[in-house]
Structures are given as C-alpha cells and as structure tokens.
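Engineer: Just so it is clear, I am handing over my_file_27.tsv, which has TSV, C-alpha atoms.
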chain	number	residue	atom	x	y	z
A	1241	MET	CA	-23.50	3.51	-36.82
A	1242	PRO	CA	-21.34	2.04	-34.09
A	1243	ASN	CA	-18.58	-0.38	-34.89
A	1244	SER	CA	-19.45	-4.08	-34.70
A	1245	PRO	CA	-17.56	-4.84	-31.42
A	1246	TYR	CA	-19.80	-2.42	-29.58
A	1247	THR	CA	-23.49	-2.57	-28.82
A	1248	GLU	CA	-26.12	-0.03	-29.75
A	1249	LEU	CA	-26.66	0.69	-26.06
A	1250	GLY	CA	-23.01	1.58	-25.57
A	1251	TYR	CA	-23.08	3.85	-28.60
A	1252	TYR	CA	-26.18	5.59	-27.31
A	1253	ILE	CA	-24.89	6.08	-23.74
A	1254	ILE	CA	-21.41	7.27	-24.70
A	1255	ASN	CA	-21.84	9.04	-28.03
A	1256	LYS	CA	-25.43	10.21	-28.08
A	1257	LEU	CA	-26.27	10.79	-24.44
A	1258	HIS	CA	-22.99	12.58	-23.70
A	1259	HIS	CA	-22.96	14.44	-27.04
A	1260	VAL	CA	-19.35	13.52	-27.84
A	1261	ASP	CA	-17.87	13.05	-31.29
A	1262	ASP	CA	-17.11	9.64	-32.79
A	1263	SER	CA	-13.40	9.80	-32.00
A	1264	VAL	CA	-13.92	10.35	-28.27
A	1265	GLY	CA	-16.84	7.92	-28.19
A	1266	ASN	CA	-14.94	5.10	-29.89
A	1267	LYS	CA	-11.96	5.47	-27.56
A	1268	THR	CA	-14.21	5.54	-24.52
A	1269	ARG	CA	-16.11	2.44	-25.56
A	1270	ARG	CA	-12.87	0.65	-26.37
A	1271	ALA	CA	-11.60	1.48	-22.89
A	1272	PHE	CA	-14.77	-0.01	-21.39
A	1273	LEU	CA	-14.23	-3.13	-23.48
A	1274	TYR	CA	-10.67	-3.49	-22.19
A	1275	LEU	CA	-11.96	-3.11	-18.61
A	1276	ALA	CA	-14.71	-5.71	-18.98
A	1277	VAL	CA	-12.95	-8.31	-16.83
A	1278	PHE	CA	-11.80	-5.89	-14.14
A	1279	PRO	CA	-15.04	-5.95	-12.07
A	1280	LEU	CA	-14.71	-9.73	-11.66
A	1281	LEU	CA	-11.11	-9.47	-10.45
A	1282	ASP	CA	-11.95	-6.55	-8.18
A	1283	ALA	CA	-14.99	-8.36	-6.74
A	1284	MET	CA	-12.96	-11.46	-5.89
A	1285	ALA	CA	-10.33	-9.31	-4.19
A	1286	TRP	CA	-12.90	-7.42	-2.12
A	1287	THR	CA	-14.74	-10.61	-1.17
A	1288	HIS	CA	-11.59	-12.07	0.35
A	1289	ALA	CA	-10.66	-8.70	1.85
A	1290	GLY	CA	-14.04	-8.50	3.57
A	1291	ILE	CA	-13.55	-11.90	5.18
A	1292	LEU	CA	-10.08	-10.90	6.31
A	1293	LEU	CA	-11.44	-7.69	7.83
A	1294	LYS	CA	-14.13	-9.66	9.61
A	1295	HIS	CA	-11.41	-11.72	11.26
A	1296	LYS	CA	-9.41	-8.57	12.07
A	1297	HIS	CA	-6.63	-9.02	9.52
A	1298	SER	CA	-6.85	-5.36	8.53
A	1299	LEU	CA	-3.05	-5.02	8.30
A	1300	LEU	CA	-2.98	-7.63	5.55
A	1301	VAL	CA	-5.77	-5.85	3.66
A	1302	GLY	CA	-3.96	-2.54	4.04
A	1303	CYS	CA	-0.72	-4.03	2.74
A	1304	ALA	CA	-2.60	-5.45	-0.23
A	1305	SER	CA	-4.07	-2.04	-1.06
A	1306	ILE	CA	-0.68	-0.35	-0.80
A	1307	SER	CA	0.86	-3.07	-2.96
A	1308	ASP	CA	-1.88	-2.41	-5.52
A	1309	VAL	CA	-0.85	1.24	-5.80
A	1310	ILE	CA	2.86	0.42	-5.91
A	1311	ALA	CA	2.30	-2.20	-8.61
A	1312	GLN	CA	0.36	0.28	-10.73
A	1313	ILE	CA	3.13	2.87	-10.46
A	1314	VAL	CA	5.82	0.32	-11.30
A	1315	PHE	CA	3.96	-1.06	-14.32
A	1316	VAL	CA	3.20	2.42	-15.63
A	1317	ALA	CA	6.90	3.21	-15.46
A	1318	ILE	CA	7.75	-0.05	-17.24
A	1319	LEU	CA	5.08	0.22	-19.93
A	1320	LEU	CA	6.00	3.81	-20.72
A	1321	HIS	CA	9.27	2.45	-22.10
A	1322	SER	CA	7.51	-0.14	-24.27
A	1323	HIS	CA	5.99	0.08	-27.73
A	1324	LEU	CA	2.52	0.48	-26.21
A	1325	GLU	CA	3.14	4.19	-25.82
A	1326	CYS	CA	3.03	4.49	-29.60
A	1327	LEU	CA	0.68	1.64	-30.52
A	1328	GLU	CA	-2.09	2.01	-27.92
A	1329	PRO	CA	-1.37	4.52	-25.13
A	1330	MET	CA	-4.72	3.74	-23.52
A	1331	LEU	CA	-3.51	0.26	-22.61
A	1332	ILE	CA	-0.79	1.58	-20.31
A	1333	PRO	CA	-3.07	2.72	-17.44
A	1334	ILE	CA	-5.52	-0.13	-18.09
A	1335	LEU	CA	-2.89	-2.87	-17.92
A	1336	SER	CA	-1.39	-1.22	-14.85
A	1337	LEU	CA	-4.82	-1.22	-13.23
A	1338	TYR	CA	-5.18	-4.93	-13.95
A	1339	MET	CA	-1.74	-5.73	-12.58
A	1340	GLY	CA	-2.40	-3.75	-9.41
A	1341	ALA	CA	-5.71	-5.55	-8.86
A	1342	LEU	CA	-4.04	-8.90	-9.54
A	1343	VAL	CA	-1.37	-8.18	-6.93
A	1344	ARG	CA	-4.04	-7.13	-4.43
A	1345	PHE	CA	-6.14	-10.23	-5.11
A	1346	THR	CA	-3.11	-12.49	-4.80
A	1347	ILE	CA	-2.18	-11.07	-1.40
A	1348	VAL	CA	-5.68	-11.19	0.11
A	1349	GLY	CA	-6.35	-14.58	-1.48
A	1350	LEU	CA	-3.22	-16.14	-0.04
A	1351	GLY	CA	-3.91	-14.45	3.30
A	1352	TYR	CA	-7.42	-15.85	3.36
A	1353	TYR	CA	-6.39	-19.42	2.58
A	1354	ARG	CA	-3.51	-19.32	5.01
A	1355	ASN	CA	-5.26	-17.74	8.01
A	1356	ILE	CA	-8.99	-18.32	7.69
A	1357	HIS	CA	-10.22	-20.83	5.12
A	1358	TYR	CA	-9.42	-24.01	7.05
A	1359	ASN	CA	-10.62	-22.55	10.36
A	1360	ILE	CA	-14.15	-21.67	9.26
A	1361	PRO	CA	-16.69	-24.09	10.79
A	1362	GLU	CA	-19.17	-25.90	8.58
A	1363	SER	CA	-22.10	-24.35	10.45
A	1364	SER	CA	-22.73	-21.69	13.08
A	1365	GLY	CA	-24.97	-21.97	16.10
A	1366	PRO	CA	-27.59	-19.40	17.10
A	1367	GLU	CA	-25.23	-17.91	19.70
A	1368	VAL	CA	-23.09	-16.49	16.86
A	1369	GLY	CA	-25.91	-15.49	14.56
A	1370	GLY	CA	-26.71	-18.81	12.93
A	1371	ASP	CA	-25.89	-19.99	9.44
A	1372	ALA	CA	-25.80	-17.43	6.65
A	1373	THR	CA	-28.49	-17.88	4.04
A	1374	ILE	CA	-28.93	-16.32	0.62
A	1375	LYS	CA	-31.89	-14.34	1.92
A	1376	LYS	CA	-29.94	-13.00	4.90
A	1377	MET	CA	-26.98	-12.04	2.75
A	1378	LEU	CA	-29.11	-10.30	0.13
A	1379	SER	CA	-31.13	-8.36	2.69
A	1380	PHE	CA	-27.90	-7.17	4.30
A	1381	TRP	CA	-26.00	-6.52	1.08
A	1382	TRP	CA	-28.38	-4.80	-1.32
A	1383	PRO	CA	-28.68	-1.46	0.57
A	1384	LEU	CA	-24.89	-1.20	0.85
A	1385	ALA	CA	-24.50	-2.07	-2.83
A	1386	LEU	CA	-27.12	0.52	-3.77
A	1387	ILE	CA	-25.35	3.22	-1.76
A	1388	LEU	CA	-22.00	2.42	-3.34
A	1389	ALA	CA	-23.53	2.37	-6.82
A	1390	MET	CA	-25.13	5.78	-6.27
A	1391	GLN	CA	-21.84	7.18	-4.98
A	1392	ARG	CA	-19.93	5.85	-7.98
A	1393	ILE	CA	-22.49	7.12	-10.47
A	1394	SER	CA	-22.50	10.66	-9.07
A	1395	ARG	CA	-19.41	11.81	-10.97
A	1396	PRO	CA	-20.57	10.33	-14.31
A	1397	ILE	CA	-23.88	12.14	-13.86
A	1398	VAL	CA	-22.02	15.42	-13.37
A	1399	ASN	CA	-19.92	14.70	-16.46
A	1400	LEU	CA	-23.06	13.86	-18.41
A	1401	PHE	CA	-24.73	17.17	-17.60
A	1402	VAL	CA	-21.57	19.13	-18.35
A	1403	SER	CA	-20.85	17.39	-21.65
A	1404	ARG	CA	-24.43	17.89	-22.82
A	1405	ASP	CA	-24.35	21.51	-21.71
A	1406	LEU	CA	-21.17	22.04	-23.74
A	1407	LYS	CA	-22.90	20.43	-26.74
A	1408	GLY	CA	-20.04	18.05	-27.47
A	1409	SER	CA	-17.83	20.89	-28.65
A	1410	SER	CA	-14.09	21.14	-28.20
A	1411	ALA	CA	-14.84	22.65	-24.82
A	1412	ALA	CA	-16.25	19.31	-23.75
A	1413	THR	CA	-12.93	17.69	-24.50
A	1414	GLU	CA	-11.09	20.47	-22.71
A	1415	ALA	CA	-13.31	19.98	-19.69
A	1416	SER	CA	-11.97	16.48	-19.24
A	1417	ILE	CA	-8.33	17.53	-19.55
A	1418	LEU	CA	-6.72	19.43	-16.71
A	1419	PRO	CA	-5.20	22.73	-17.90
A	1420	THR	CA	-1.64	22.90	-16.67
A	1421	SER	CA	-0.81	26.48	-17.54
A	1422	TYR	CA	-2.40	29.89	-17.59
A	1423	GLU	CA	-2.30	29.90	-21.40
A	1424	ASP	CA	-4.35	26.70	-21.48
A	1425	LEU	CA	-6.70	28.19	-18.93
A	1426	LYS	CA	-7.38	31.28	-21.02
A	1427	HIS	CA	-8.59	29.17	-23.94
A	1428	THR	CA	-11.18	27.25	-21.94
A	1429	THR	CA	-14.75	28.29	-21.26
A	1430	HIS	CA	-16.04	29.22	-17.82
A	1431	LYS	CA	-17.81	25.86	-17.46
A	1432	SER	CA	-14.76	23.97	-18.68
A	1433	ARG	CA	-12.64	25.69	-16.06
A	1434	ALA	CA	-15.18	24.73	-13.41
A	1435	VAL	CA	-14.94	21.06	-14.39
A	1436	ALA	CA	-11.15	21.24	-14.51
A	1437	VAL	CA	-11.08	22.78	-11.04
A	1438	LEU	CA	-13.31	19.97	-9.76
A	1439	THR	CA	-11.02	17.40	-11.38
A	1440	ALA	CA	-8.00	18.87	-9.60
A	1441	THR	CA	-9.54	19.56	-6.21
A	1442	TYR	CA	-11.44	16.31	-5.68
A	1443	PRO	CA	-8.42	14.02	-5.12
A	1444	VAL	CA	-6.56	16.67	-3.12
A	1445	GLY	CA	-9.58	17.54	-0.98
A	1446	HIS	CA	-10.34	13.86	-0.47
A	1447	MET	CA	-6.95	13.01	1.02
A	1448	PRO	CA	-7.39	14.29	4.60
A	1449	TYR	CA	-10.84	12.79	5.16
A	1450	GLY	CA	-11.42	9.97	2.65
A	1451	TRP	CA	-10.06	7.36	5.03
A	1452	LEU	CA	-12.77	8.19	7.58
A	1453	THR	CA	-15.18	6.10	5.52
A	1454	GLU	CA	-13.42	2.97	6.77
A	1455	LEU	CA	-14.64	3.72	10.31
A	1456	ARG	CA	-17.79	1.88	9.29
A	1457	ALA	CA	-15.85	-1.39	9.73
A	1458	VAL	CA	-15.01	-0.75	13.39
A	1459	TYR	CA	-18.45	-1.36	14.88
A	1460	PRO	CA	-19.09	-4.71	13.12
A	1461	ALA	CA	-15.60	-5.94	13.99
A	1462	PHE	CA	-15.57	-5.10	17.70
A	1463	ASP	CA	-19.03	-4.33	19.06
A	1464	LYS	CA	-20.23	-7.10	21.36
A	1465	ASN	CA	-23.82	-6.72	20.12
A	1466	ASN	CA	-22.66	-8.43	16.94
A	1467	PRO	CA	-23.30	-12.14	17.65
A	1468	SER	CA	-20.37	-13.29	15.54
A	1469	ASN	CA	-18.01	-11.35	17.80
A	1470	LYS	CA	-19.01	-13.22	20.94
A	1471	LEU	CA	-16.51	-15.99	20.32
A	1472	THR	CA	-13.71	-14.00	18.73
A	1473	ASN	CA	-13.77	-11.18	21.29
A	1474	ILE	CA	-13.75	-13.26	24.47
A	1475	ASN	CA	-10.52	-11.76	25.76
A	1476	THR	CA	-11.09	-8.20	24.56
A	1477	THR	CA	-12.45	-5.33	26.61
A	1478	ILE	CA	-13.55	-3.05	23.76
A	1479	SER	CA	-16.85	-1.32	24.48
A	1480	LYS	CA	-19.06	1.18	22.66
A	1481	SER	CA	-17.34	3.93	24.59
A	1482	HIS	CA	-13.97	2.87	23.21
A	1483	ILE	CA	-15.36	2.82	19.67
A	1484	LYS	CA	-16.85	6.30	20.06
A	1485	LYS	CA	-13.61	7.68	21.47
A	1486	PHE	CA	-11.63	6.12	18.64
A	1487	THR	CA	-14.04	7.60	16.11
A	1488	PHE	CA	-13.73	11.04	17.69
A	1489	VAL	CA	-9.93	10.88	17.65
A	1490	CYS	CA	-9.98	9.98	13.95
A	1491	PHE	CA	-12.40	12.83	13.26
A	1492	ALA	CA	-10.27	15.31	15.20
A	1493	LEU	CA	-7.15	14.22	13.32
A	1494	SER	CA	-8.89	14.50	9.96
A	1495	ILE	CA	-10.43	17.92	10.48
A	1496	THR	CA	-7.15	19.21	11.92
A	1497	LEU	CA	-5.35	18.05	8.78
A	1498	CYS	CA	-8.02	19.68	6.61
A	1499	PHE	CA	-7.71	23.05	8.29
A	1500	LEU	CA	-3.94	22.81	8.47
A	1501	VAL	CA	-3.56	21.98	4.78
A	1502	PHE	CA	-6.40	24.00	3.24
A	1503	TRP	CA	-6.54	27.07	5.47
A	1504	THR	CA	-2.82	27.65	5.97
A	1505	PRO	CA	-1.74	30.09	3.24
A	1506	HIS	CA	0.02	28.62	0.21
A	1507	ILE	CA	0.10	24.98	1.38
A	1508	SER	CA	-2.74	23.78	-0.84
A	1509	GLU	CA	-1.34	25.79	-3.77
A	1510	ARG	CA	2.05	24.12	-3.38
A	1511	ILE	CA	0.41	20.67	-3.38
A	1512	LEU	CA	-1.43	21.48	-6.60
A	1513	VAL	CA	1.60	23.02	-8.29
A	1514	ASP	CA	4.32	20.62	-7.12
A	1515	ILE	CA	2.38	17.33	-7.02
A	1516	ILE	CA	-0.54	17.71	-9.43
A	1517	GLY	CA	1.54	19.87	-11.77
A	1518	VAL	CA	-0.80	22.76	-12.50
A	1519	ASP	CA	0.00	26.42	-12.99
A	1520	ASN	CA	-0.07	28.93	-10.11
A	1521	ALA	CA	-3.00	30.79	-11.66
A	1522	PHE	CA	-5.02	27.60	-11.91
A	1523	ALA	CA	-4.04	26.57	-8.37
A	1524	GLU	CA	-5.52	29.81	-7.04
A	1525	LEU	CA	-8.88	28.90	-8.58
A	1526	CYS	CA	-8.81	25.62	-6.66
A	1527	VAL	CA	-8.44	27.22	-3.23
A	1528	PRO	CA	-12.13	28.09	-2.55
A	1529	PRO	CA	-13.37	24.53	-3.25
A	1530	LEU	CA	-10.65	23.13	-1.00
A	1531	LEU	CA	-11.80	25.41	1.81
A	1532	ILE	CA	-15.26	23.87	1.45
A	1533	PHE	CA	-13.74	20.38	1.48
A	1534	SER	CA	-12.27	21.09	4.91
A	1535	PHE	CA	-15.73	20.70	6.49
A	1536	PHE	CA	-16.44	17.31	4.90
A	1537	PRO	CA	-15.02	15.27	7.84
A	1538	VAL	CA	-18.13	16.14	9.85
A	1539	PRO	CA	-20.76	14.42	7.67
A	1540	VAL	CA	-18.36	11.66	6.58
A	1541	THR	CA	-17.58	10.68	10.18
A	1542	ILE	CA	-21.24	10.70	11.20
A	1543	ARG	CA	-22.18	8.66	8.14
A	1544	ALA	CA	-19.43	6.09	8.70
A	1545	HIS	CA	-20.22	5.73	12.41
A	1546	LEU	CA	-23.95	5.25	11.87
A	1547	THR	CA	-23.36	2.92	8.91
A	1548	GLY	CA	-21.16	0.69	11.05
A	1549	TRP	CA	-23.75	0.68	13.82
A	1550	LEU	CA	-26.54	-0.31	11.42
A	1551	MET	CA	-24.31	-2.97	9.88
A	1552	THR	CA	-23.81	-4.45	13.34
A	1553	LEU	CA	-27.57	-4.53	13.90
A	1554	LYS	CA	-28.01	-5.91	10.36
A	1555	LYS	CA	-30.51	-3.14	9.60
A	1556	THR	CA	-28.83	-1.80	6.51
A	1557	PHE	CA	-32.21	-1.30	4.82
A	1558	VAL	CA	-32.46	1.96	6.80
A	1559	LEU	CA	-29.62	3.31	4.64
A	1560	ALA	CA	-31.31	2.65	1.29
A	1561	PRO	CA	-33.39	5.87	1.07
A	1562	SER	CA	-30.27	8.01	1.50
A	1563	SER	CA	-28.82	6.76	-1.78
A	1564	VAL	CA	-31.96	7.67	-3.71
A	1565	LEU	CA	-32.11	11.06	-2.00
A	1566	ARG	CA	-28.47	11.67	-2.93
A	1567	ILE	CA	-29.16	11.24	-6.64
A	1568	ILE	CA	-32.33	13.35	-6.49
A	1569	VAL	CA	-30.50	16.22	-4.79
A	1570	LEU	CA	-27.58	15.92	-7.21
A	1571	ILE	CA	-29.71	16.01	-10.35
A	1572	THR	CA	-31.87	18.81	-8.95
A	1573	SER	CA	-28.76	20.84	-8.17
A	1574	LEU	CA	-27.32	20.27	-11.64
A	1575	ILE	CA	-30.55	21.49	-13.20
A	1576	VAL	CA	-31.29	24.42	-10.89
A	1577	LEU	CA	-27.86	25.86	-10.04
A	1578	PRO	CA	-26.92	26.88	-13.62
A	1579	TYR	CA	-29.99	29.12	-13.71
A	1580	MET	CA	-28.82	30.78	-10.51
A	1581	GLY	CA	-25.57	31.85	-12.14
Since I need it in another form, could you write the structure as structure tokens?

Structural biologist:
Amino acid sequence: MPNSPYTELGYYIINKLHHVDDSVGNKTRRAFLYLAVFPLLDAMAWTHAGILLKHKHSLLVGCASISDVIAQIVFVAILLHSHLECLEPMLIPILSLYMGALVRFTIVGLGYYRNIHYNIPESSGPEVGGDATIKKMLSFWWPLALILAMQRISRPIVNLFVSRDLKGSSAATEASILPTSYEDLKHTTHKSRAVAVLTATYPVGHMPYGWLTELRAVYPAFDKNNPSNKLTNINTTISKSHIKKFTFVCFALSITLCFLVFWTPHISERILVDIIGVDNAFAELCVPPLLIFSFFPVPVTIRAHLTGWLMTLKKTFVLAPSSVLRIIVLITSLIVLPYMG
C-alpha cells in the first residue's frame, strides 16, 4: 500500500502503471509532492510575461528567462556544498528550480508593475477589440493550453511505454540514467540504449531550432489585423511582408546551424562528449538521431508561423485537432514500431 502522504491515484500512476519498484515509485511521488507549488509560481510568471510580450517588452522577458537559468546554476553550486547532498539529494535540483522560477517571476512582476500596470485602461473600445470577457479568453486559451499539454505529455507517454515494456526491471532504471562510458553501455539492453540515446540527443538536437517556436508571438505583436495593435503600432511600418521575411531569416539561420553542427564531422560528437559528458562510443550512437533533428526547423517554423497568424485572428480552435492527432500518432507509433523491429 502507498504511504499515507500519497494518494492511491499517485501510487497507481507511478508504481503500477509504469511498473516500477517501490523505491523508485516513492522517490518519484515525493518529488512530485515537493513540486506541488511550482505550477502556481510558474503560471504567475508566465501570466506577467505574456502581458509584457504583448506590450513588446520581450527584452525584459528574455532577461528574466536567462536569470532563471543562471539562478538555478548558482543555487545548484551552492547547495552541492550543503548538507542536503547527504540528507536529501533530490531537493538540490528542486530547490534550484524554485529559486530560478522565483527570480524569473520577480523580474517580470516588477517589470509589469513598473511599465504596464498603471497604464492599462479600465475598458477598451471596439476599435481595439473591445473588453476581454471570460468567454473570449477561454475560447482563445483552451486550444493553446490543450496543445501545450499534449506536447508536455508526449515524453511521459514514451517513458510509460518503455518502462512497461522493460517490466520494471533494472533495465528500466538504467533506461532513465544516461550511460557515460562504454562499459556502462555494454550492460544495458537494446531498448535501454535507445532511451538513453533519446535522452542525450533531445536537448542537443533541440538547441538549433527550439527557439523558432517563439516566432508565434511575432504576428500577434505586430500584425495590423490585430485590433489591439492599432493604437500601439501607429508609428510603425511593419507589414505582413516584413513578418514573413523575418520568419524566413530565422528559419534559414536555424537550418544552417542544424546542418553545420549535425552534418559536419565530429562536431556533434564533441558536444556530446565535452558538454554532456558521455563516452565516444555512446556519442557515435547519437549521431543518426541528430541528423534527423536537422530537418525539424521546417515543420517547427511552419507551425509557429501559422499559430501566430491564427492567434492574431483569434481562431485558435483550428489548432485543437492537431494536438489530439499528435497523441494518436505517437501512441500508434509506440505500439506498431516495436513489431517492425
């Protein structure tokens, strides 16, 4: 039976559904308990960041995000020299995550109250889109929230299928830990190695193109078809043509970086060995997936551009089916592909 601080649902999802032993399950559920307040802090930070982006204070939002990362690194370094390393090692990354989010929220919160809060009118006329209502906000927000939820749940679904396939054995634990040497690699199963390769290649492959997702904010911020931009963009001359050219330049830069980093011999291996800290033999296994990642800027750019356009038109409901289709394709692939070898 699960311990009293945890619910039956948590025990079922973590221990039973993933087929992990009690030790791994208890630590995982304890980590979720420690992170219970984080969504609230993160939501408040993103709410203020969204308003700042709407008023074109993207530099402030960017500085807040960078400060978040720096704060996490600093607090990890500090906490590693504390007694937490022996008492509860899990708290080191969790507390660092909280401190980073707190720094980010503080920066965007202060930026909002200093630059925007006292300048927002009590009501908006029809020429700028009218007053926001709960119905308008929900109809605009729920498709975007659904898409983000489906994106975030994709990796846990993959982990779920893998952990169940490995039957909760020691290989399941190995699958979640990145082998750093060839000796470690030899003692893992084929499926464990596949998961480890995915764990290593995803952040590396994501670097040259992940930022393209933020192109979705360009259309709503500058397109003149957005009623709320009619007053703020009086003196600007940005047109759809400018937005498309800017998007293309970003795409060209991203795909050039992808091919330069992933297709130039030995560059991707050096990143994995010198930065991630894996063995040369393991780094060689990561090369083929990284070559595939080099083509991701194409769909990511198209998705971001169209998402921004639909956000401007406030027709985000068109995006909702794509999130459901994503999960269907993912689950189908996880079921079918193993039978194809």

Engineer: Using all atoms listed in the file, determine which residues lie at most 12 Å from Ser1298 of chain A, disregarding the query and same-chain residues fewer than 5 positions distant; provide the list as a ChimeraX atom specification.

Structural biologist: /A:1288-1293,1303-1305,1348,1351-1352,1454,1457-1458,1461

Engineer: With distances taken over only C-alpha atoms, which residue among A:Ile1318, A:Leu1452, A:Leu1525, A:Ile1568 lies nearest Arg1543 of chain A?

Structural biologist: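 Among A:Ile1318, A:Leu1452, A:Leu1525, A:Ile1568, it is A:Leu1452 that comes nearest to Arg1543 of chain A.
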
Engineer: Please write as a list in words the list of polymer residues whose atoms come within 9 Å of (-7.2, 21.6, -8.6), counting all atoms listed in the file and keeping to the coordinates of the file.

Structural biologist: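 Applying the cut-off with all atoms listed in the file, one gets Leu1418, Ala1436, Val1437, Leu1438, Thr1439, Ala1440, Thr1441, Tyr1442, Pro1443, Val1444, Gly1445, Glu1509, Leu1512, Val1513, Ile1516, Val1518, Phe1522, Ala1523, Glu1524, Leu1525, Cys1526, Val1527, Pro1529 and Leu1530 of chain A.
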
Engineer: Nearest to His1297 of chain A among A:Met1580, A:Arg1354, A:Phe1502, A:Leu1493, with distances taken over all atoms listed in the file: which residue is it?

Structural biologist: A:Arg1354

Engineer: From (-27.8, -0.8, 0.2), in the file's coordinates, out to 7 Å: which residues are reached, counting only C-alpha atoms? Answer as a list of chain:residue names.

Structural biologist: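 The requested residues, written out, are A:Trp1381, A:Trp1382, A:Pro1383, A:Leu1384, A:Ala1385, A:Leu1386, A:Ile1387, A:Thr1556, A:Phe1557, A:Leu1559, A:Ala1560.
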
Engineer: I'd like to know which of A:Leu1574, A:Leu1531, A:Val1343, A:Ala1283 is closest to Ile1310 of chain A, using all atoms listed in the file.

Structural biologist: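 Result for the nearest residue to Ile1310 of chain A: A:Val1343.
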
Engineer: Ranking A:Ile1313, A:Met1390, A:Leu1550, A:Leu1280 by minimum distance to Ser1336 of chain A and counting all atoms listed in the file, which one comes first?

Structural biologist: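 Closest to Ser1336 of chain A of all the choices is A:Ile1313.
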
Engineer: Can you work out the spacing between atom CA of Lys1554 of chain A and atom CA of Phe1380 of chain A in Å, to one decimal?

Structural biologist: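 Atom CA of Phe1380 of chain A lies 6.2 Å from atom CA of Lys1554 of chain A.
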
Engineer: Looking at only C-alpha atoms, which of A:Ile1542, A:Leu1400, A:Met1339, A:Val1569 is the one that sits closest to Leu1319 of chain A?

Structural biologist: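 Result for the nearest residue to Leu1319 of chain A: A:Met1339.
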